[in-house]
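As stored in model25.cif (mmCIF, C-alpha atoms):
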```
data_target
loop_
_atom_site.label_atom_id
_atom_site.label_comp_id
_atom_site.auth_asym_id
_atom_site.auth_seq_id
_atom_site.Cartn_x
_atom_site.Cartn_y
_atom_site.Cartn_z
CA MET A 1 19.10 -1.35 -4.18
CA MET A 2 17.23 -1.74 -7.45
CA ASN A 3 14.97 1.06 -8.58
CA MET A 4 11.45 0.57 -7.28
CA ALA A 5 9.95 1.47 -10.65
CA GLU A 6 11.81 -1.48 -12.12
CA ASN A 7 10.92 -3.78 -9.26
CA ILE A 8 7.16 -3.15 -9.20
CA ARG A 9 5.27 -5.31 -11.68
CA PHE A 10 1.94 -5.40 -9.85
CA SER A 11 -0.12 -4.02 -12.73
CA LYS A 12 0.44 -7.23 -14.68
CA SER A 13 0.95 -9.58 -11.75
CA LYS A 14 -0.86 -12.82 -12.34
CA GLY A 15 0.20 -13.91 -8.87
CA LEU A 16 -1.59 -11.05 -7.10
CA ASP A 17 -4.62 -11.37 -9.37
CA SER A 18 -4.71 -15.08 -8.49
CA LEU A 19 -4.73 -14.23 -4.78
CA ARG A 20 -7.70 -11.91 -5.43
CA GLY A 21 -9.34 -14.82 -7.21
CA VAL A 22 -8.79 -17.06 -4.17
CA ALA A 23 -10.15 -14.36 -1.86
CA ILE A 24 -13.36 -13.75 -3.81
CA THR A 25 -13.91 -17.49 -4.22
CA GLY A 26 -13.73 -17.98 -0.46
CA ILE A 27 -16.14 -15.10 0.21
CA VAL A 28 -18.72 -16.26 -2.33
CA LEU A 29 -18.55 -19.84 -1.07
CA TYR A 30 -18.99 -18.60 2.49
CA HIS A 31 -22.12 -16.65 1.58
CA LEU A 32 -23.54 -19.54 -0.45
CA PHE A 33 -22.62 -22.41 1.89
CA PRO A 34 -21.75 -20.93 5.29
CA SER A 35 -22.02 -24.26 7.09
CA VAL A 36 -19.52 -25.89 4.72
CA PHE A 37 -17.10 -23.04 3.97
CA CYS A 38 -17.39 -21.50 7.42
CA GLY A 39 -14.00 -19.78 7.11
CA GLY A 40 -14.44 -18.42 3.61
CA PHE A 41 -14.93 -14.93 5.04
CA LEU A 42 -11.15 -14.90 5.59
CA GLY A 43 -11.02 -13.79 1.98
CA VAL A 44 -11.83 -10.36 3.44
CA PRO A 45 -8.56 -9.92 5.40
CA LEU A 46 -6.73 -11.33 2.35
CA PHE A 47 -8.30 -8.54 0.27
CA PHE A 48 -7.30 -6.00 2.91
CA VAL A 49 -3.66 -7.14 2.97
CA LEU A 50 -3.54 -6.99 -0.82
CA SER A 51 -5.15 -3.53 -0.80
CA GLY A 52 -2.64 -2.22 1.72
CA TYR A 53 0.28 -3.62 -0.25
CA LEU A 54 -0.93 -2.20 -3.56
CA MET A 55 -1.84 1.09 -1.88
CA PHE A 56 1.78 1.56 -0.87
CA ILE A 57 3.52 0.44 -4.03
CA THR A 58 1.25 2.38 -6.38
CA SER A 59 1.95 5.52 -4.36
CA GLU A 60 5.65 4.71 -4.26
CA ARG A 61 5.79 4.20 -8.00
CA ALA A 62 4.18 7.60 -8.57
CA GLY A 63 6.34 9.18 -5.86
CA SER A 64 9.56 7.83 -7.39
CA ARG A 65 8.67 9.76 -10.56
CA GLY A 66 7.71 12.85 -8.58
CA ALA A 67 4.16 12.36 -9.81
CA PHE A 68 2.25 11.58 -6.61
CA ASN A 69 -0.74 13.91 -6.80
CA ILE A 70 -3.45 13.81 -4.14
CA GLY A 71 -6.16 15.14 -6.46
CA TYR A 72 -5.38 12.56 -9.14
CA TYR A 73 -5.21 9.82 -6.48
CA TYR A 74 -8.72 10.61 -5.23
CA LYS A 75 -10.10 11.02 -8.75
CA LYS A 76 -8.80 7.62 -9.81
CA ARG A 77 -10.27 5.87 -6.75
CA ILE A 78 -13.65 7.59 -7.09
CA LYS A 79 -13.84 6.63 -10.77
CA LYS A 80 -13.01 3.02 -9.97
CA ILE A 81 -15.30 2.57 -6.96
CA PHE A 82 -18.48 4.58 -7.39
CA PRO A 83 -19.89 3.98 -10.91
CA PRO A 84 -20.15 0.15 -10.45
CA LEU A 85 -21.38 0.67 -6.88
CA PHE A 86 -24.07 3.12 -7.99
CA ALA A 87 -25.24 0.73 -10.72
CA MET A 88 -25.57 -2.18 -8.28
CA VAL A 89 -27.36 -0.21 -5.54
CA MET A 90 -29.82 1.38 -7.98
CA ALA A 91 -30.55 -1.97 -9.65
CA VAL A 92 -31.30 -3.59 -6.29
CA CYS A 93 -33.52 -0.70 -5.18
CA CYS A 94 -35.43 -0.77 -8.47
CA TYR A 95 -35.97 -4.51 -8.12
CA LEU A 96 -37.22 -4.15 -4.56
CA THR A 97 -39.54 -1.30 -5.64
CA LEU A 98 -41.18 -3.64 -8.14
CA ILE A 99 -41.18 -6.85 -6.08
CA GLN A 100 -41.21 -5.97 -2.38
CA SER A 101 -41.35 -2.24 -1.82
CA ASN A 102 -41.90 -2.71 1.93
CA LEU A 103 -38.24 -3.77 2.25
CA LEU A 104 -37.22 -0.28 1.11
CA ILE A 105 -38.72 1.38 4.19
CA GLY A 106 -35.88 3.10 6.01
CA MET A 107 -33.28 1.72 3.60
CA TRP A 108 -32.32 5.21 2.43
CA ARG A 109 -30.21 5.63 5.58
CA GLU A 110 -28.22 2.54 4.77
CA VAL A 111 -27.82 3.61 1.13
CA LEU A 112 -26.60 7.01 2.31
CA SER A 113 -24.02 5.35 4.57
CA VAL A 114 -22.83 3.26 1.61
CA PHE A 115 -22.17 6.22 -0.66
CA LEU A 116 -20.66 8.36 2.10
CA GLY A 117 -18.29 5.56 3.05
CA PHE A 118 -19.29 4.86 6.65
CA ASP A 119 -21.52 1.82 6.18
CA ASN A 120 -19.46 -0.30 8.58
CA TRP A 121 -20.07 2.17 11.41
CA TRP A 122 -23.74 2.44 10.46
CA GLN A 123 -24.07 -1.33 10.75
CA ILE A 124 -22.30 -1.29 14.11
CA LYS A 125 -24.77 1.31 15.35
CA GLN A 126 -27.64 -0.88 14.13
CA SER A 127 -26.13 -3.87 15.95
CA ALA A 128 -26.20 -5.70 12.62
CA SER A 129 -24.48 -9.07 12.75
CA TYR A 130 -22.28 -10.19 9.87
CA PHE A 131 -22.57 -13.76 11.10
CA SER A 132 -26.37 -13.91 11.33
CA LYS A 133 -28.48 -15.94 8.92
CA LEU A 134 -28.75 -14.58 5.40
CA ALA A 135 -32.53 -14.49 5.67
CA ASN A 136 -32.22 -11.64 8.18
CA ALA A 137 -29.62 -9.67 6.24
CA SER A 138 -29.78 -6.57 4.10
CA PRO A 139 -28.67 -6.90 0.45
CA PHE A 140 -26.03 -4.29 1.28
CA THR A 141 -24.55 -5.91 4.39
CA HIS A 142 -21.37 -6.86 2.53
CA LEU A 143 -20.60 -3.24 1.70
CA TRP A 144 -19.11 -2.70 5.16
CA PHE A 145 -15.89 -3.96 3.56
CA LEU A 146 -16.01 -1.23 0.93
CA ALA A 147 -16.56 1.41 3.61
CA VAL A 148 -13.33 0.41 5.35
CA GLU A 149 -11.49 0.60 2.03
CA ILE A 150 -12.95 4.04 1.26
CA GLN A 151 -11.93 5.36 4.67
CA PHE A 152 -8.37 4.13 4.14
CA TYR A 153 -8.25 5.59 0.65
CA ALA A 154 -9.33 8.92 2.16
CA ILE A 155 -6.53 9.09 4.73
CA TRP A 156 -3.77 7.28 2.85
CA PRO A 157 -2.33 10.23 0.84
CA ILE A 158 -1.81 12.15 4.09
CA LEU A 159 -0.20 9.14 5.79
CA TYR A 160 2.02 8.56 2.78
CA ILE A 161 3.24 12.16 2.62
CA ILE A 162 3.98 12.15 6.37
CA TYR A 163 5.80 8.82 5.99
CA LYS A 164 7.99 10.15 3.16
CA LYS A 165 8.88 13.29 5.08
CA CYS A 166 9.78 11.24 8.16
CA CYS A 167 11.89 8.94 5.99
CA ASN A 168 14.01 11.95 5.04
CA ILE A 169 14.58 12.69 8.73
CA PHE A 170 14.79 9.27 10.41
CA GLY A 171 15.54 6.98 7.47
CA GLY A 172 13.27 4.60 5.59
CA LYS A 173 14.62 1.46 7.27
CA ARG A 174 13.33 2.69 10.61
CA MET A 175 10.16 4.38 9.43
CA CYS A 176 8.70 1.38 7.61
CA PHE A 177 8.20 -0.28 11.00
CA ILE A 178 5.71 2.42 11.95
CA PHE A 179 3.18 0.56 9.81
CA LEU A 180 3.89 -2.67 11.68
CA LEU A 181 3.40 -0.81 14.95
CA LEU A 182 0.05 0.54 13.74
CA ALA A 183 -0.96 -3.00 12.72
CA LEU A 184 -0.10 -4.33 16.17
CA MET A 185 -2.02 -1.50 17.86
CA SER A 186 -5.11 -2.30 15.77
CA ALA A 187 -4.85 -6.03 16.53
CA LEU A 188 -4.49 -5.29 20.24
CA LYS A 189 -7.55 -3.04 20.17
CA MET A 190 -9.53 -5.86 18.55
CA SER A 191 -8.43 -8.17 21.34
CA PHE A 192 -9.31 -5.64 24.07
CA LEU A 193 -12.75 -4.78 22.67
CA TYR A 194 -13.77 -8.35 21.96
CA THR A 195 -15.70 -10.18 24.66
CA PRO A 196 -15.62 -13.98 24.28
CA GLY A 197 -19.09 -15.35 23.75
CA ASP A 198 -20.49 -12.10 22.34
CA ASP A 199 -21.22 -11.50 18.66
CA PRO A 200 -17.88 -10.32 17.15
CA SER A 201 -19.42 -8.04 14.52
CA ARG A 202 -18.29 -4.82 16.29
CA VAL A 203 -14.62 -5.75 16.05
CA TYR A 204 -15.07 -7.37 12.64
CA TYR A 205 -16.76 -4.30 11.12
CA GLY A 206 -14.66 -1.65 12.85
CA THR A 207 -12.11 0.30 10.86
CA ASP A 208 -10.00 0.65 14.00
CA THR A 209 -10.08 -3.07 14.77
CA MET A 210 -9.61 -4.38 11.21
CA ALA A 211 -6.96 -1.86 10.15
CA PHE A 212 -4.18 -4.33 11.01
CA SER A 213 -4.75 -6.25 7.78
CA LEU A 214 -4.33 -3.12 5.68
CA PHE A 215 -1.34 -1.93 7.69
CA THR A 216 0.25 -5.38 7.38
CA GLY A 217 0.03 -5.05 3.60
CA ILE A 218 1.39 -1.50 3.71
CA PHE A 219 4.27 -2.66 5.92
CA LEU A 220 5.11 -5.39 3.42
CA GLY A 221 5.28 -2.85 0.60
CA ALA A 222 7.47 -0.47 2.63
CA ALA A 223 9.72 -3.26 3.92
CA ARG A 224 10.24 -4.67 0.41
CA GLN A 225 11.40 -1.23 -0.64
CA GLN A 226 13.83 -0.80 2.24
CA TYR A 227 15.13 -4.35 2.69
CA GLU A 228 16.38 -5.96 -0.49
CA GLU A 229 16.57 -9.35 1.23
CA LEU A 230 12.77 -9.58 1.09
CA ARG A 231 12.98 -9.59 -2.70
CA PHE A 232 15.27 -12.61 -2.91
CA LYS A 233 13.94 -15.85 -4.31
CA PHE A 234 14.02 -17.92 -1.15
CA PHE A 235 12.36 -20.95 -2.69
CA HIS A 236 13.99 -23.09 -5.37
CA LYS A 237 10.57 -24.71 -5.84
CA PRO A 238 7.99 -21.90 -5.55
CA PHE A 239 5.26 -24.32 -6.70
CA ALA A 240 5.67 -26.26 -3.48
CA ALA A 241 5.39 -23.06 -1.43
CA LEU A 242 2.29 -22.01 -3.39
CA GLY A 243 0.76 -25.47 -3.00
CA LEU A 244 1.37 -25.41 0.75
CA PHE A 245 -0.24 -21.97 1.04
CA LEU A 246 -3.31 -23.00 -0.95
CA LEU A 247 -3.62 -26.13 1.20
CA VAL A 248 -3.47 -24.05 4.38
CA LEU A 249 -6.00 -21.61 2.94
CA CYS A 250 -8.40 -24.41 1.98
CA ILE A 251 -8.14 -25.84 5.50
CA LEU A 252 -8.88 -22.39 6.96
CA PHE A 253 -11.87 -21.95 4.63
CA VAL A 254 -13.53 -25.15 5.85
CA THR A 255 -12.50 -25.23 9.52
CA VAL A 256 -12.38 -21.70 10.95
CA ASP A 257 -15.53 -20.56 12.76
CA GLY A 258 -16.30 -16.88 12.28
CA GLN A 259 -17.30 -16.58 15.94
CA SER A 260 -14.20 -18.32 17.29
CA SER A 261 -12.51 -16.35 20.09
CA PHE A 262 -9.11 -17.27 18.63
CA LEU A 263 -9.71 -15.06 15.58
CA TYR A 264 -10.37 -11.91 17.60
CA GLN A 265 -7.62 -12.47 20.15
CA GLY A 266 -4.73 -12.38 17.69
CA GLY A 267 -5.67 -15.16 15.28
CA MET A 268 -6.78 -12.94 12.42
CA PHE A 269 -3.61 -10.88 12.76
CA TYR A 270 -1.46 -14.02 12.45
CA ILE A 271 -3.49 -15.09 9.42
CA SER A 272 -2.93 -11.65 7.86
CA VAL A 273 0.81 -12.10 8.38
CA ILE A 274 0.60 -15.45 6.55
CA PHE A 275 -1.18 -13.66 3.69
CA ALA A 276 1.61 -11.06 3.57
CA VAL A 277 4.23 -13.82 3.39
CA MET A 278 2.36 -15.36 0.47
CA ILE A 279 2.17 -12.04 -1.35
CA ASN A 280 5.91 -11.69 -0.93
CA ILE A 281 6.45 -15.17 -2.40
CA MET A 282 4.14 -14.36 -5.30
CA GLU A 283 6.05 -11.18 -6.08
CA ASN A 284 9.45 -12.84 -5.87
CA HIS A 285 8.48 -15.78 -8.06
CA GLU A 286 6.05 -14.09 -10.43
CA ALA A 287 7.71 -15.45 -13.58
CA SER A 288 7.47 -19.05 -12.36
CA ILE A 289 4.02 -18.86 -10.82
CA ARG A 290 2.39 -17.27 -13.87
CA LYS A 291 3.20 -20.49 -15.79
CA LEU A 292 0.96 -22.61 -13.54
CA PRO A 293 -2.33 -23.59 -15.26
CA ILE A 294 -4.38 -22.75 -12.14
CA THR A 295 -3.27 -19.10 -12.17
CA SER A 296 -5.19 -18.29 -15.37
CA PRO A 297 -8.73 -18.95 -14.06
CA LEU A 298 -7.89 -17.52 -10.64
CA SER A 299 -6.35 -14.45 -12.25
CA PHE A 300 -9.50 -13.97 -14.34
CA LEU A 301 -11.64 -14.10 -11.20
CA GLY A 302 -9.25 -11.72 -9.49
CA LYS A 303 -9.55 -9.12 -12.23
CA LYS A 304 -13.34 -9.29 -11.95
CA SER A 305 -13.35 -9.55 -8.15
CA TYR A 306 -14.72 -6.06 -7.44
CA ASN A 307 -17.83 -6.54 -9.59
CA ILE A 308 -18.26 -10.10 -8.32
CA TYR A 309 -18.08 -8.83 -4.76
CA LEU A 310 -20.60 -6.07 -5.41
CA TRP A 311 -23.19 -8.30 -7.06
CA HIS A 312 -22.94 -11.76 -5.51
CA TYR A 313 -24.36 -10.94 -2.09
CA PRO A 314 -27.49 -8.98 -3.14
CA LEU A 315 -28.25 -11.70 -5.71
CA ILE A 316 -28.12 -14.32 -2.96
CA ILE A 317 -30.30 -12.21 -0.65
CA LEU A 318 -32.85 -11.38 -3.35
CA ALA A 319 -33.10 -15.06 -4.26
CA LEU A 320 -34.22 -15.68 -0.66
CA VAL A 321 -36.78 -12.86 -0.60
#
```

Exercise: express the given structure as structure tokens:
Amino acid sequence: MMNMAENIRFSKSKGLDSLRGVAITGIVLYHLFPSVFCGGFLGVPLFFVLSGYLMFITSERAGSRGAFNIGYYYKKRIKKIFPPLFAMVMAVCCYLTLIQSNLLIGMWREVLSVFLGFDNWWQIKQSASYFSKLANASPFTHLWFLAVEIQFYAIWPILYIIYKKCCNIFGGKRMCFIFLLLALMSALKMSFLYTPGDDPSRVYYGTDTMAFSLFTGIFLGAARQQYEELRFKFFHKPFAALGLFLLVLCILFVTVDGQSSFLYQGGMFYISVIFAVMINIMENHEASIRKLPITSPLSFLGKKSYNIYLWHYPLIILALV
């Protein structure tokens, strides 16, 4: 089996950056034109699968050098997440203070939940609907996604250390499937908690019920490490595979209804698996895919996706105020 440090090229992967670009494009289009791009919110589970995958392989790269340090891990994430987040939240609050200060009444609780990383649970408690009209939304509604990420970042070092210790006892080929089991448990909980006909925001916001996308990405990273077959170049024409995936994604973006029962009764899990398959293809055919003209603009968007995600939604909301 080839050394993982040699195999991992994610830091300069145009393919993965392009997938981020696709994800953020779908999300922005959904928020701008929800009636047209009604499935664009599926960029969120795509982001989660990517995050889970990168979460594992970055840790594995550091671990293979004996350099996985929990303190450094947290420091790096805090430095990446909070300065841009603080700038956006303060800018929005300053704008509202000058233009419509009445909208700030009680908002400090939401802002607190954002910075403490439990905004998704705060919104669940408020019975806030992700799928309601923008006119009724807070400029920080979209930050539920970031809260789920922060919670996973908080627990991941512990999970990773436990995983590595168990690998030494039971073997990595067996242990990698624990992440698939956790993904299935999360998807099943989403299905059990969801009541057809009700607003699905509880299961869409919940860390417990959306964790399957992250665990699917983590499983992909662990499985690629343990099973060399997953790193083979299955496709002689990766462009065709990429084109088919983009076609399927475009169809999902314009046809899937965010309140469809199918999504919350297994559908979003299956879609996350499709995303994981595409990530695997991207990684295996990175050299070929990076030559495609479309990857350059998508890769650029992908590299800027965090800032785009932070700013696009409050700008849309404030334009409606």

List as a CSV table (one decimal) with C-alpha atoms, in the coordinates of the input the protein and nucleic acid residues near stretch 142-147 of chain A, meaning an atom at most 7 Å away when all atoms listed in the file are counted, but skip any in the same chain fewer than 2 places from it.
```csv
chain,number,residue,atom,x,y,z
A,114,VAL,CA,-22.8,3.3,1.6
A,117,GLY,CA,-18.3,5.6,3.0
A,118,PHE,CA,-19.3,4.9,6.6
A,119,ASP,CA,-21.5,1.8,6.2
A,120,ASN,CA,-19.5,-0.3,8.6
A,140,PHE,CA,-26.0,-4.3,1.3
A,149,GLU,CA,-11.5,0.6,2.0
A,150,ILE,CA,-13.0,4.0,1.3
A,151,GLN,CA,-11.9,5.4,4.7
A,205,TYR,CA,-16.8,-4.3,11.1
A,313,TYR,CA,-24.4,-10.9,-2.1
```

Need to verify the contact set: A:Ile317, 6 Å, only C-alpha atoms, exclusion of same-chain residues closer than 3 positions in sequence. Can you return it as a PyMOL selection string?
chain A and resi 139+314+320

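If you look at atom CA of A:Met278 and atom CA of A:Leu180, they are 17.0 Å away from each other.
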
Nearby residues (only C-alpha atoms) at most 12 Å from A:Ser138, same-chain spacing under 3 positions excluded, as a PDB file with C-alpha atoms, keeping the file's coordinate frame:
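Output file out-v3.pdb follows:
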```
ATOM      1  CA  VAL A  89     -27.360  -0.210  -5.540  1.00  0.00           C
ATOM      2  CA  VAL A  92     -31.300  -3.590  -6.290  1.00  0.00           C
ATOM      3  CA  CYS A  93     -33.520  -0.700  -5.180  1.00  0.00           C
ATOM      4  CA  LEU A  96     -37.220  -4.150  -4.560  1.00  0.00           C
ATOM      5  CA  LEU A 103     -38.240  -3.770   2.250  1.00  0.00           C
ATOM      6  CA  LEU A 104     -37.220  -0.280   1.110  1.00  0.00           C
ATOM      7  CA  ILE A 105     -38.720   1.380   4.190  1.00  0.00           C
ATOM      8  CA  GLY A 106     -35.880   3.100   6.010  1.00  0.00           C
ATOM      9  CA  MET A 107     -33.280   1.720   3.600  1.00  0.00           C
ATOM     10  CA  GLU A 110     -28.220   2.540   4.770  1.00  0.00           C
ATOM     11  CA  VAL A 111     -27.820   3.610   1.130  1.00  0.00           C
ATOM     12  CA  ASP A 119     -21.520   1.820   6.180  1.00  0.00           C
ATOM     13  CA  GLN A 123     -24.070  -1.330  10.750  1.00  0.00           C
ATOM     14  CA  GLN A 126     -27.640  -0.880  14.130  1.00  0.00           C
ATOM     15  CA  ALA A 128     -26.200  -5.700  12.620  1.00  0.00           C
ATOM     16  CA  SER A 129     -24.480  -9.070  12.750  1.00  0.00           C
ATOM     17  CA  TYR A 130     -22.280 -10.190   9.870  1.00  0.00           C
ATOM     18  CA  SER A 132     -26.370 -13.910  11.330  1.00  0.00           C
ATOM     19  CA  LYS A 133     -28.480 -15.940   8.920  1.00  0.00           C
ATOM     20  CA  LEU A 134     -28.750 -14.580   5.400  1.00  0.00           C
ATOM     21  CA  ALA A 135     -32.530 -14.490   5.670  1.00  0.00           C
ATOM     22  CA  THR A 141     -24.550  -5.910   4.390  1.00  0.00           C
ATOM     23  CA  HIS A 142     -21.370  -6.860   2.530  1.00  0.00           C
ATOM     24  CA  LEU A 143     -20.600  -3.240   1.700  1.00  0.00           C
ATOM     25  CA  TRP A 144     -19.110  -2.700   5.160  1.00  0.00           C
ATOM     26  CA  TYR A 313     -24.360 -10.940  -2.090  1.00  0.00           C
ATOM     27  CA  PRO A 314     -27.490  -8.980  -3.140  1.00  0.00           C
ATOM     28  CA  LEU A 315     -28.250 -11.700  -5.710  1.00  0.00           C
ATOM     29  CA  ILE A 316     -28.120 -14.320  -2.960  1.00  0.00           C
ATOM     30  CA  ILE A 317     -30.300 -12.210  -0.650  1.00  0.00           C
ATOM     31  CA  LEU A 318     -32.850 -11.380  -3.350  1.00  0.00           C
ATOM     32  CA  LEU A 320     -34.220 -15.680  -0.660  1.00  0.00           C
ATOM     33  CA  VAL A 321     -36.780 -12.860  -0.600  1.00  0.00           C
TER      34      VAL A 321
END
```

A straight line from atom CA of A:Ser272 to atom CA of A:Met210 spans 10.4 Å

For stretch 55-70 of chain A, take all atoms listed in the file, fit an axis-aligned box around them, add 8 Å to each of the six sides, then output centre and edge lengths in Å rounded to one decimal, as AutoDock Vina command-line options.
```
--center_x 3.1 --center_y 7.2 --center_z -5.7 --size_x 29.0 --size_y 29.5 --size_z 25.7
```

Interatomic distance between atom CA of A:Gly71 and atom CA of A:Gly171?
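Calculated distance between atom CA of A:Gly71 and atom CA of A:Gly171 is 27.0 Å.
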
Can you pull out every residue within 9 Å of A:Phe275, counting all atoms listed in the file, but drop anything in the same chain fewer than 2 positions away, and send it as a list in words?
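Near neighbours after the sequence-gap exclusion: Pro45, Leu46, Val49, Leu50, Gly217, Phe245, Tyr270, Ile271, Ser272, Val273, Val277, Met278, Ile279 and Asn280 of chain A.
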
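For the set A:Leu85, A:Phe215, A:Lys189, A:Phe177, the residue with the smallest atom-to-atom gap to A:Leu116 is A:Leu85, counting all atoms listed in the file.
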
Restricting the calculation to all atoms listed in the file, which member of A:Leu247, A:Met55, A:Ala183, A:Leu32 is positioned closest to A:Trp156?
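Looking at the shortest contact to A:Trp156, the residue is A:Met55.
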
Given the file shown, determine the residues that the PyMOL selection byres ((chain A and resi 242) around 12) selects; report them as a PyMOL selection string.
chain A and resi 15+18-19+235-241+243-249+275+277-286+288-290+292+294-295

Compile the contact shell of A:Tyr73 as a PyMOL selection string: residues with an atom at most 12 Å away, counting only C-alpha atoms, same-chain residues fewer than 3 positions apart removed.
chain A and resi 55+58-59+62-63+67-70+76-80+153-158+160

Please return stretch 82-98 of chain A, rebuilt to N, CA, C and O atoms, as a short mmCIF file (atom, residue, chain, number, x, y, z; two decimals), in the coordinates of the input.
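Below is the file that was written, part36.cif:
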```
data_model
loop_
_atom_site.label_atom_id
_atom_site.label_comp_id
_atom_site.auth_asym_id
_atom_site.auth_seq_id
_atom_site.Cartn_x
_atom_site.Cartn_y
_atom_site.Cartn_z
N PHE A 82 -17.09 4.16 -7.50
CA PHE A 82 -18.48 4.58 -7.39
C PHE A 82 -19.39 4.26 -8.59
O PHE A 82 -20.57 3.94 -8.36
N PRO A 83 -18.95 4.33 -9.84
CA PRO A 83 -19.89 3.98 -10.91
C PRO A 83 -20.43 2.54 -10.81
O PRO A 83 -21.66 2.35 -10.88
N PRO A 84 -19.59 1.51 -10.61
CA PRO A 84 -20.15 0.15 -10.45
C PRO A 84 -21.00 0.03 -9.19
O PRO A 84 -22.02 -0.67 -9.20
N LEU A 85 -20.61 0.71 -8.12
CA LEU A 85 -21.38 0.67 -6.88
C LEU A 85 -22.75 1.29 -7.07
O LEU A 85 -23.77 0.73 -6.64
N PHE A 86 -22.80 2.44 -7.74
CA PHE A 86 -24.07 3.12 -7.99
C PHE A 86 -24.99 2.23 -8.83
O PHE A 86 -26.19 2.11 -8.54
N ALA A 87 -24.44 1.59 -9.85
CA ALA A 87 -25.24 0.73 -10.72
C ALA A 87 -25.85 -0.42 -9.94
O ALA A 87 -27.04 -0.74 -10.11
N MET A 88 -25.06 -1.04 -9.06
CA MET A 88 -25.57 -2.18 -8.28
C MET A 88 -26.66 -1.73 -7.30
O MET A 88 -27.74 -2.34 -7.22
N VAL A 89 -26.40 -0.67 -6.56
CA VAL A 89 -27.36 -0.21 -5.54
C VAL A 89 -28.68 0.21 -6.20
O VAL A 89 -29.77 -0.14 -5.72
N MET A 90 -28.60 0.95 -7.31
CA MET A 90 -29.82 1.38 -7.98
C MET A 90 -30.60 0.20 -8.56
O MET A 90 -31.83 0.17 -8.51
N ALA A 91 -29.89 -0.78 -9.10
CA ALA A 91 -30.55 -1.97 -9.65
C ALA A 91 -31.30 -2.73 -8.56
O ALA A 91 -32.44 -3.16 -8.75
N VAL A 92 -30.67 -2.88 -7.41
CA VAL A 92 -31.30 -3.59 -6.29
C VAL A 92 -32.52 -2.82 -5.79
O VAL A 92 -33.59 -3.41 -5.54
N CYS A 93 -32.38 -1.51 -5.66
CA CYS A 93 -33.52 -0.70 -5.18
C CYS A 93 -34.68 -0.72 -6.17
O CYS A 93 -35.85 -0.78 -5.76
N CYS A 94 -34.37 -0.69 -7.45
CA CYS A 94 -35.43 -0.77 -8.47
C CYS A 94 -36.14 -2.12 -8.40
O CYS A 94 -37.38 -2.18 -8.50
N TYR A 95 -35.38 -3.17 -8.22
CA TYR A 95 -35.97 -4.51 -8.12
C TYR A 95 -36.88 -4.60 -6.90
O TYR A 95 -38.01 -5.10 -6.99
N LEU A 96 -36.41 -4.09 -5.78
CA LEU A 96 -37.22 -4.15 -4.56
C LEU A 96 -38.47 -3.28 -4.70
O LEU A 96 -39.54 -3.63 -4.18
N THR A 97 -38.37 -2.16 -5.41
CA THR A 97 -39.54 -1.30 -5.64
C THR A 97 -40.63 -2.06 -6.39
O THR A 97 -41.82 -1.92 -6.09
N LEU A 98 -40.23 -2.89 -7.33
CA LEU A 98 -41.18 -3.64 -8.14
C LEU A 98 -41.70 -4.90 -7.44
O LEU A 98 -42.85 -5.27 -7.60
#
```
